[in-house]
Structures are given as structure tokens and as C-alpha cells.
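Everything below concerns the one structure shown next.
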Amino acid sequence: MSDKTEVNLTGVKQSKGVWLVKVPKYLSLQWDKATEKGEVGKIIIGKKQGKTEVRFSLNEELTALGAVGEQDASLQVPRDHPFTMHTVGGQTMAVFSQSNADEISLEGMVVHRAECRPVVNDNYMKLKKLQIKASTKPQRLSQQLERAVTTVFKPVANHDFNVEHEKKKKSEGKMVRAEWQVVLDMLFSAFEKHQYYNIKDLVDITKQPVTYLKEIMREIGTYNSKGAHKSTWELKPEYRHYQSAEEEEMQTA
Amino acid sequence: MTSLGGSSSSTTEYTVRVPKNTSKKYNIMAFNSGDRVNCSTWTQARMERDMSARRIYGEEESAEGAAGSEFGKKQREEARRKKYGIVTREFKVEDQPWILKVNGKAGKRFKGLKKGGVTENASYYIFTQCPDGAFEAFPVHGWYNFTPQAKHRTLTAEEAEEEWGRRNKVVNHFSIMLQRRFREQERGGDDDDDENEKSGKKKKKGGGRGGDLRIHDLEEDLEMSSDDSDSSMGDDGEGKTKAKKATGKGKAKKKKRKSSDKEALEDSDDGDYEGLEVDYMSDESSSDEELEKGKPGKAEHHPKGIDEASESEEESEEEKQNEEEAKEEEEEEEGKKTPVQTEKKKKKDSSGESESSDDSDIEGETASALFMKKRTPPKRGGRGSAGSSRTGSRPGTPSIDSASTSNTLRAAASKLEQGKRPTPGPSTDSPAAKRLKMEPSSQSPVPSGKSTPQPPSGKSTPSSSDVQLTEEAVRRYLIRKPMTTKDLLKKFQTKRTGLSSEQTVNVLAQILKRLNPERKNVNDKMHFYLTE
């Protein structure tokens, strides 16, 4: 249905390897608060006795839980996050990107998988506690009212809606019969847009009294009492000239 | 950026950047390792969304504007859906699967299904290393699992099950697909070139094209939509014709079954006679419905007879419309009415009976007659309906029963009347006795099943000795009590006299002329009577 997008395979050609890192939610939230430059922290890769260790260290300014710039002493996001690295054994994973213009390009292959873990300390525990409390709070809350609500269902002499309606009616006044030809033109232009119309809709469109409108319709149209378009009016075949989804011209007799 | 050399531990630091304004959305394309996908071998690839679900999800859009459209249709549809609480899930383009085609027409095809719940609790980031050594982290927007799509012919589930059943016997696996191909050829589909190449391959469950019953397969629609799919057109043509044929076959089968069911319903009469009650008096087991139809007029006379016998006090206006009226009325009603009435009357009479001395015969017979009468109405009630052959099977018997009962009842009734009125008994006694004796004898020839006029056929002699339309008989009746012409006619039923209704009327009229009885108006009806 849509056009096939040619996939840009440059990334794969160059065998660009990427890492797929799973990052905890709070950390990603902090990263969102980063400045324009986008620096969020540092990765420290060390080799300790043959074992590769990767650590991520969050930038100072991003440790605050609150807004950026504040140094909320109470709670801070932990800074050190060691990465646990895995290899991509079972799955061949590639990364493809989709731009706004629906251009797809293959960015590269995943060579390592990593999980960003925080260092578990008291601070972290407090943070987690906060999170749990927030998540267990029910979204809906039952609240007891001291006094019953009396603003609705008061007996009213005339409802607001009704009053407005009557005023509108009065201001518009009764529908006046326009000239036959004028009404015909209105109808034909309406039927250019749609084939089937309800009499009420026609009244709305033409602002003519119902009886008058029905007279005219009886002359130029037919009434569908059964079938798919239930009680609707349509033009007589000799007046119609529909082309499927194209401009039609109405032919008047 | 900074690298510190150390003795045993060397650490390197890299800055991590999370670019803010990326227009690109990163997604993961995951393959199964078993598929041995090597992206570097790809020379060319095309990818698009699989929009086939839109048809299912999205509502049918009637022509927008111009022919066939209605003013305000959309709003009305929406209002209607709201009213009924129909919540239709939105068709989200983002969640649709991908179709990946690698290396053009002859290459592989993959379908990528979105994996849900990836971004809910943890975020995935893609860390790429920039030329300057820093890492850039991009958030992963979505995860798609790509699976290769079989291009070769596969067996459907049913076929696969069949083959599974034969797996121990079939040695030549190549033939399985060949046979399938032949089958498809027979059904008039186009042949697939791939068949030749892939006939020997193992069947994967993935494709599912063709087969007797086609469950809607998104793939075939996909293939229809795509331009550069090779076998798709052929497959689709086949598939469609097959589908049509399959449905046609299915319908034919259904029709067959239906018709056979209908036939079964109409034809089987065997079990119909099972639950029927057997009457004491009749030996016969079953008879045709036609007999029954021939019988209606006659049969009605018998309940009528009971009426007449026991309800001679009652009057009704009909004169010679006795039979017509009887025929007009529903049998069922009559059948149902009469026993009730007769029973009521019988009770009255029987109470009278007990008072007056009676033959035990009559009592016994009336009792048995009563029993029989009770049973027959339900049978006769169902006679009208086509399906119930219960009564239809034994039409003769009810009428016969009623005949016999009516005879006995009437005999009993007339006996009672005789008992009440001390008028010439002997002449009536003998006929009554004869009548009673006749009944048992008459029943044996009658149950042969012939429903046509019993009296004439079965008992020509008895009818002569029975009620004869003579002046003497009329005189007797009129002396006894005042009667209307109708009552008189009732007395001289055509069955008993062997005359037709017209004849009866004529003869009766003559007799009355001769007798010239006196007239009396009782209850606004003209009664004749004689005083002798």
C-alpha cells in the first residue's frame, strides 16, 4: 500500500557495532533533564585482572531528583552504575532508524548487550521506597463529601437549554418559502455532495418549511423507505449524474 | 577521552552523550539466530509497513461524497457506536508489522512483528561510539522481531495433520508436495513454478496457502498488494478459486445435508406408531391418512350421533344443514366438545341410570364407551396437522371407536329414554337389542380399515332393521314428544337409513304431510307433535 522504502544499508556495510543497553527508568528520566549539549555522564572501561569492567558515572548535576540546578540533599540518584555486559548469542540484532520523512536506514549491528545497574546503597533504597509508594497509590480516590451536592437536579421552571432553544427559534423566525428555482438550486448543489439526504438535514440546509420542501423533493427526487439508506431522499435518475468519486454535474430538466 | 595507563588496571573514560534533538527514531530489528541472518550480505533491502490489518480494523468507508454517500453518515455511525458502547480499537500505524524484502525479488522476505512492553519499565538505549571517542546514546523506540517468510508451498494445518498420520508409511517425502500440486491443478488453479524446486523441502507451518478451507490469511492480501512479488499472483488466483470452490463445496455439502434431513423428517413414519394407545375394541394397528380424509364427514356423524342421542332436549336452528355444519366445524372442536358434553350428559344419565333398573350390559358398555371416548379425542385432535401421524396413522380407529361408542351410547341413551317414558318399548327394545348385538359383530368386519360408509358396506342387513325412515317411526317420535324437523332429521341419519340427505329430506317431508302433525312453538321454534 505505501511505497517501499529503500533501506539505507551504509551502517551495516561499515559493520558498525553498537551496544544495546538497558537503562533503569529513573536514570533515563534524569538523562532527559540533560542540557543541550547532552552530556550525561561518563563511561569508564577498566581492565581489572583481565576482566573488563564498564562503569557508568552520572554527572553531578544530574543526580538531583528534583529540577535541574537544585541540589536536593534529601534524595539523590546514585551516580555509579556498573554495566553488566553480555554477548548477543541467541539473537542477531540490528538497529534500524526511521526518520521523520519515513526514511529507513540500518544503523548497525548489536555487538554487546548491557544492563545498567545501580550500586545498591541506602540512598538507592530510599529512592526505591519513594518509587514504590508513588506506584501503589491508587489512581482513583474515594472521597467523602460533607454535604450533598445540590447543584444538579433542581427543579427548574424552564431548563437553560430549552430557554436558549426557544430564543434561537424566535430570533430566527419562521422559515420563509423562497423561490422555487432558488430552492432547487440549493438542493442540487447539496446533492452534488452527497447522494442521500434525510429530510431533516435538507430542512437544515435549505431553511425551508418542511411541506414546501417535500413538494419540491417529490418533484425532483424519490424517497427510499427501505434498503441501505433508510428514510432518505435522493434525486431522480434523470437528474443525477454521479461519477464515482469525481466531479459530477447536475442536470436539471 | 582521557586514558590513564595503569599497571594492571587500565581504564578509559568516555563521555556519554544523549543527543536531544534527534529526528530519527531508533528501533531494534531482531532476528532469530537459527535463521543465520547476515546483514552484511545484503545488497539491497526494502521495507514497508504491513497495512493489511487496516481493512479489518478500519470500518468500511462508503463513497465519500458523491454517489452512494449519505449526508451526516459518519456522525450518525459514530453516535450509534457510542450508544451501543462499541469501542473499536484504533488502527495505529506505529504498531503494524514491517515487511522487509532483501535482495530484491529472488531474495528473502521477513515479517517484523512489534514486541510489546519494551519501553514500559526500562528504557533501552543504543550506545554508538562516535569518531571522537564519545558514546552517544539513543533511546530505542520500538522492538521488532523479524521472522523469515516461506516462499515455497506449505501444507495447511489439515493437510499437515493428514501427512502426520501417514508419516510412518510414506517414505518418499517428495511426493507429498507433488500430490498436492496435482490436487491443486485439478481444482483449476494455476501452477506454481516454485513447486518444482521446493517440492522436496520440509514443510513449514508458516505459509498456509491453498488447501480446502482457506482461513483468511493476511499474507495473500499482502502479496496482492505488492508489485514485485513473483508467485503471488499465481498463488492468489489459485487461492481465490480454491476458496470459492471450497465454499461452494461446503455449501453444497450443507445443502445436501439439509435436504437429507428434510427427507428424513418427512419419510420416516416408523417410529410414529410407537407411543399410541391401543383401544380395547379395535384390533387394527395402523391405517392411512387418506382413509381418514375420506372419513371426516362420516366420522363427524358419530359424535353428532352422541349429541343427538343424549341431548335431544337441546335445539339448534339448522335443518338440513346438519351434515354441512358438521363438516364446516373443526373436527377437533367437535371431538373435544362432544366428549365433554356427552360425559356431562352421561353423568346425568348415569345417575338416572343408577336409579332406574338397567341392563348391566348397557352400563358396562357405556362405561367402556366412555373410556374409549375419553381417549379418542386427543388422537383426533391432532389430525389436522401434517406432521403428527399419531392420529393420522389410526384415523379409522377413532372414527370406528366413536362409531361404536356412539352406537352404544346412543343405544344406551335411547334405552334410558325408553326407561323414562313408558311408551312402546318392545319395538324399540328389539331394535335396540339388535343394535347392541350388532355392535360387537359390526366391529369385526369394520376394523378392516375401510372408512367408507360403514353402514352400507358392513351391514346392509342391519341398516334395514335399524332406523328406517318410515311413517311409523316418525309417528312414534312425534307421539313421544314434540320435535323440530331438525331433531327428526337427526333421528334418521343417512348412515342408518342408507338414504342420502336429500332423499331423507324428501321422504321426511312426505311423511310429515301425510301425518299432518300439530304445531307448537317452543322457544321460538316450530315443533311438531302428535297426540294419539
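Residues in the C-alpha cells are numbered from 1 in each chain, the chains being A, B, ... in the order shown, and ligands are numbered from 1 in the order shown.
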Please produce, as a tab-separated table, a per-residue contact table for chain A versus chain B (criterion: any atom at most 7 Å away, only C-alpha atoms considered), showing the nearest atom pair and its distance in Å to one decimal, sorted by chain then residue number.
residue	atom	partner	partner_atom	distance
A:Met1	CA	B:Ser225	CA	6.3
A:Ser2	CA	B:Glu48	CA	6.9
A:Lys4	CA	B:Glu48	CA	5.2
A:Thr5	CA	B:Met47	CA	5.4
A:Glu6	CA	B:Arg46	CA	4.6
A:Val7	CA	B:Ala45	CA	5.4
A:Val12	CA	B:Ser40	CA	5.8
A:Lys13	CA	B:Ser40	CA	5.8
A:Val18	CA	B:Thr128	CA	5.0
A:Trp19	CA	B:Phe127	CA	4.9
A:Leu20	CA	B:Ile126	CA	4.9
A:Val21	CA	B:Tyr125	CA	5.1
A:Lys22	CA	B:Tyr124	CA	4.5
A:Val23	CA	B:Ser123	CA	5.3
A:Pro24	CA	B:Ala122	CA	5.0
A:Lys25	CA	B:Ala122	CA	5.1
A:Ser28	CA	B:Ser123	CA	6.8
A:Glu36	CA	B:Lys20	CA	6.6
A:Gly38	CA	B:Val18	CA	4.9
A:Glu39	CA	B:Arg17	CA	4.3
A:Val40	CA	B:Arg17	CA	5.8
A:Gly41	CA	B:Val16	CA	5.3
A:Lys42	CA	B:Thr15	CA	4.3
A:Ile43	CA	B:Tyr14	CA	4.9
A:Ile44	CA	B:Glu13	CA	4.3
A:Ile45	CA	B:Thr12	CA	5.1
A:Gly46	CA	B:Thr11	CA	3.8
A:Lys47	CA	B:Ser9	CA	4.9
A:Lys48	CA	B:Ser9	CA	4.8
A:Gln49	CA	B:Ser8	CA	6.4
A:Gly90	CA	B:Ser33	CA	5.3
A:Gln91	CA	B:Ser33	CA	4.9
A:Thr92	CA	B:Phe31	CA	5.0
A:Met93	CA	B:Ala30	CA	4.4
A:Ala94	CA	B:Met29	CA	5.0
A:Val95	CA	B:Ile28	CA	4.7
A:Phe96	CA	B:Asn27	CA	5.4
A:Ser97	CA	B:Tyr26	CA	4.3
A:Gln98	CA	B:Lys25	CA	5.1
A:Ser99	CA	B:Lys24	CA	4.2
A:Asn100	CA	B:Ser23	CA	6.0
A:Glu192	CA	B:Ala66	CA	6.2
A:Lys193	CA	B:Gly65	CA	5.0
A:His194	CA	B:Ala66	CA	4.8
A:Gln195	CA	B:Ala67	CA	5.2
A:Tyr196	CA	B:Glu70	CA	4.4
A:Tyr197	CA	B:Phe71	CA	5.3
A:Tyr242	CA	B:Ala67	CA	5.6
A:Gln243	CA	B:Ala67	CA	6.9
A:Ser244	CA	B:Ala67	CA	6.2
A:Ala245	CA	B:Ala66	CA	6.0
field: Every residue of stretch 20-193 of chain A that DSSP places in strand (DSSP E or B), as a PyMOL selection string
entry: chain A and resi 20-24+39-48+51-58+64+76+80-87+91-98+104-116
Expected file: the selected residues, C-alpha atoms, as a PDB file, in the first residue's frame:
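What landed in part_33.pdb:
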ATOM      1  CA  LEU A  20      22.211  -2.243  23.403  1.00  0.00           C
ATOM      2  CA  VAL A  21      21.983  -1.011  26.956  1.00  0.00           C
ATOM      3  CA  LYS A  22      19.087  -1.456  29.276  1.00  0.00           C
ATOM      4  CA  VAL A  23      18.802   1.557  31.498  1.00  0.00           C
ATOM      5  CA  PRO A  24      16.540   1.973  34.511  1.00  0.00           C
ATOM      6  CA  GLU A  39      26.347  15.161  28.280  1.00  0.00           C
ATOM      7  CA  VAL A  40      25.037  12.934  30.921  1.00  0.00           C
ATOM      8  CA  GLY A  41      27.971  11.162  32.315  1.00  0.00           C
ATOM      9  CA  LYS A  42      30.972   9.091  31.649  1.00  0.00           C
ATOM     10  CA  ILE A  43      31.675   5.540  30.816  1.00  0.00           C
ATOM     11  CA  ILE A  44      34.688   4.134  32.415  1.00  0.00           C
ATOM     12  CA  ILE A  45      36.039   0.981  30.971  1.00  0.00           C
ATOM     13  CA  GLY A  46      38.645  -0.644  33.047  1.00  0.00           C
ATOM     14  CA  LYS A  47      40.516  -3.819  32.874  1.00  0.00           C
ATOM     15  CA  LYS A  48      40.971  -5.423  36.181  1.00  0.00           C
ATOM     16  CA  LYS A  51      38.211  -8.731  33.285  1.00  0.00           C
ATOM     17  CA  THR A  52      36.675  -5.843  31.526  1.00  0.00           C
ATOM     18  CA  GLU A  53      34.639  -3.648  33.711  1.00  0.00           C
ATOM     19  CA  VAL A  54      32.422  -0.995  32.451  1.00  0.00           C
ATOM     20  CA  ARG A  55      31.011   1.607  34.664  1.00  0.00           C
ATOM     21  CA  PHE A  56      28.836   4.474  34.039  1.00  0.00           C
ATOM     22  CA  SER A  57      29.127   7.508  36.155  1.00  0.00           C
ATOM     23  CA  LEU A  58      26.379  10.028  36.173  1.00  0.00           C
ATOM     24  CA  ALA A  64      19.278  15.642  41.847  1.00  0.00           C
ATOM     25  CA  GLN A  76      19.845  11.704  45.096  1.00  0.00           C
ATOM     26  CA  ASP A  80      27.687   4.814  39.875  1.00  0.00           C
ATOM     27  CA  HIS A  81      26.283   2.290  37.619  1.00  0.00           C
ATOM     28  CA  PRO A  82      28.270  -0.694  36.641  1.00  0.00           C
ATOM     29  CA  PHE A  83      27.307  -2.265  33.387  1.00  0.00           C
ATOM     30  CA  THR A  84      26.773  -5.961  33.064  1.00  0.00           C
ATOM     31  CA  MET A  85      27.795  -6.992  29.642  1.00  0.00           C
ATOM     32  CA  HIS A  86      26.502  -9.900  27.644  1.00  0.00           C
ATOM     33  CA  THR A  87      27.175 -11.039  24.203  1.00  0.00           C
ATOM     34  CA  GLN A  91      19.811 -13.160  18.552  1.00  0.00           C
ATOM     35  CA  THR A  92      21.112 -11.271  15.650  1.00  0.00           C
ATOM     36  CA  MET A  93      20.102  -7.780  16.308  1.00  0.00           C
ATOM     37  CA  ALA A  94      20.328  -4.881  14.050  1.00  0.00           C
ATOM     38  CA  VAL A  95      19.352  -1.358  14.616  1.00  0.00           C
ATOM     39  CA  PHE A  96      17.345   0.495  12.111  1.00  0.00           C
ATOM     40  CA  SER A  97      16.183   4.010  12.371  1.00  0.00           C
ATOM     41  CA  GLN A  98      13.258   5.744  10.919  1.00  0.00           C
ATOM     42  CA  ILE A 104      14.716   3.921   6.952  1.00  0.00           C
ATOM     43  CA  SER A 105      18.354   3.277   7.470  1.00  0.00           C
ATOM     44  CA  LEU A 106      20.159   0.453   9.073  1.00  0.00           C
ATOM     45  CA  GLU A 107      22.373   1.876  11.703  1.00  0.00           C
ATOM     46  CA  GLY A 108      24.362  -1.097  12.698  1.00  0.00           C
ATOM     47  CA  MET A 109      24.567  -4.434  14.373  1.00  0.00           C
ATOM     48  CA  VAL A 110      24.373  -5.009  18.043  1.00  0.00           C
ATOM     49  CA  VAL A 111      27.575  -6.491  19.320  1.00  0.00           C
ATOM     50  CA  HIS A 112      27.048  -6.260  23.039  1.00  0.00           C
ATOM     51  CA  ARG A 113      24.171  -6.130  25.385  1.00  0.00           C
ATOM     52  CA  ALA A 114      24.486  -4.389  28.667  1.00  0.00           C
ATOM     53  CA  GLU A 115      22.426  -3.685  31.687  1.00  0.00           C
ATOM     54  CA  CYS A 116      22.961  -0.585  33.704  1.00  0.00           C
TER      55      CYS A 116
END
task: Please identify all polymer residues within 8 Å of A:Leu75, counting only C-alpha atoms, omitting same-chain residues fewer than 3 positions from it, and present them as an MDAnalysis selection string.
output: chainID A and resid 64:65 72 123 126:127
Selection above as a file: all heavy atoms, as a compact mmCIF listing (two decimals), in the first residue's frame:
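Just written: out_2.txt:
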# COMPACT_ATOMS: atom_id res chain seq x y z
N ALA A 64 20.41 15.17 41.06
CA ALA A 64 19.28 15.64 41.85
C ALA A 64 17.97 15.11 41.28
O ALA A 64 17.76 15.07 40.08
CB ALA A 64 19.27 17.16 41.85
N LEU A 65 17.14 14.72 42.17
CA LEU A 65 15.85 14.17 41.74
C LEU A 65 14.90 15.25 41.28
O LEU A 65 14.05 15.05 40.43
CB LEU A 65 15.19 13.41 42.89
CG LEU A 65 15.16 11.90 42.76
CD1 LEU A 65 14.34 11.30 43.88
CD2 LEU A 65 14.62 11.47 41.43
N ASP A 72 19.02 18.89 45.85
CA ASP A 72 18.16 18.42 46.91
C ASP A 72 18.93 17.42 47.74
O ASP A 72 19.26 16.33 47.28
CB ASP A 72 16.91 17.77 46.28
CG ASP A 72 15.83 17.56 47.33
OD1 ASP A 72 16.08 17.90 48.51
OD2 ASP A 72 14.76 17.06 46.97
N ASN A 123 20.89 5.11 49.99
CA ASN A 123 20.30 6.15 49.16
C ASN A 123 19.38 5.55 48.10
O ASN A 123 18.26 5.99 47.88
CB ASN A 123 21.43 6.94 48.49
CG ASN A 123 20.93 8.27 47.99
OD1 ASN A 123 19.95 8.78 48.48
ND2 ASN A 123 21.64 8.80 47.02
N LYS A 126 16.22 4.26 49.59
CA LYS A 126 15.23 5.30 49.85
C LYS A 126 14.53 5.72 48.58
O LYS A 126 13.32 5.92 48.53
CB LYS A 126 15.95 6.51 50.47
CG LYS A 126 16.26 6.34 51.92
CD LYS A 126 16.77 7.64 52.51
CE LYS A 126 17.76 7.32 53.63
NZ LYS A 126 18.71 8.39 53.86
N LEU A 127 15.31 5.81 47.58
CA LEU A 127 14.74 6.18 46.29
C LEU A 127 13.69 5.16 45.85
O LEU A 127 12.60 5.50 45.38
CB LEU A 127 15.87 6.27 45.26
CG LEU A 127 15.47 6.56 43.82
CD1 LEU A 127 15.04 7.99 43.70
CD2 LEU A 127 16.61 6.26 42.89
task: Pick out the residues sitting within 6 Å of A:Ile220, and hand them over as a list in words; count only C-alpha atoms, and ignore anything fewer than 2 positions along from it in its own chain.
output: Met217, Arg218, Leu235 and Lys236 of chain A
Please write the residues from the selection above to a file, keeping N, CA and C atoms, as a JSON list (two decimals), in the first residue's frame.
[["chain", "number", "residue", "atom", "x", "y", "z"],
["A", 217, "MET", "N", -39.18, 18.20, -3.36],
["A", 217, "MET", "CA", -38.46, 16.94, -3.42],
["A", 217, "MET", "C", -39.27, 15.90, -4.16],
["A", 218, "ARG", "N", -40.57, 15.96, -3.95],
["A", 218, "ARG", "CA", -41.40, 14.97, -4.64],
["A", 218, "ARG", "C", -41.29, 15.13, -6.13],
["A", 235, "LEU", "N", -32.12, 12.12, -5.50],
["A", 235, "LEU", "CA", -32.62, 12.70, -6.74],
["A", 235, "LEU", "C", -33.07, 11.61, -7.69],
["A", 236, "LYS", "N", -33.94, 12.00, -8.56],
["A", 236, "LYS", "CA", -34.41, 11.02, -9.55],
["A", 236, "LYS", "C", -33.28, 10.74, -10.53]]
- request: List every residue of stretch 13-205 of chain A that DSSP, applied to the backbone of this structure, assigns to alpha helix (DSSP H), and report them as an MDAnalysis selection string.
  value: chainID A and resid 13 25:32 122:136 160:172 180:193 199:205
- prompt: What gap, in Å, lies between atom CA of B:Gln185 and atom CA of B:Lys105?
  reply: 25.1 Å
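Pairwise distance (atom CA of A:Leu62, atom CA of A:Asp32) equals 9.5 Å.
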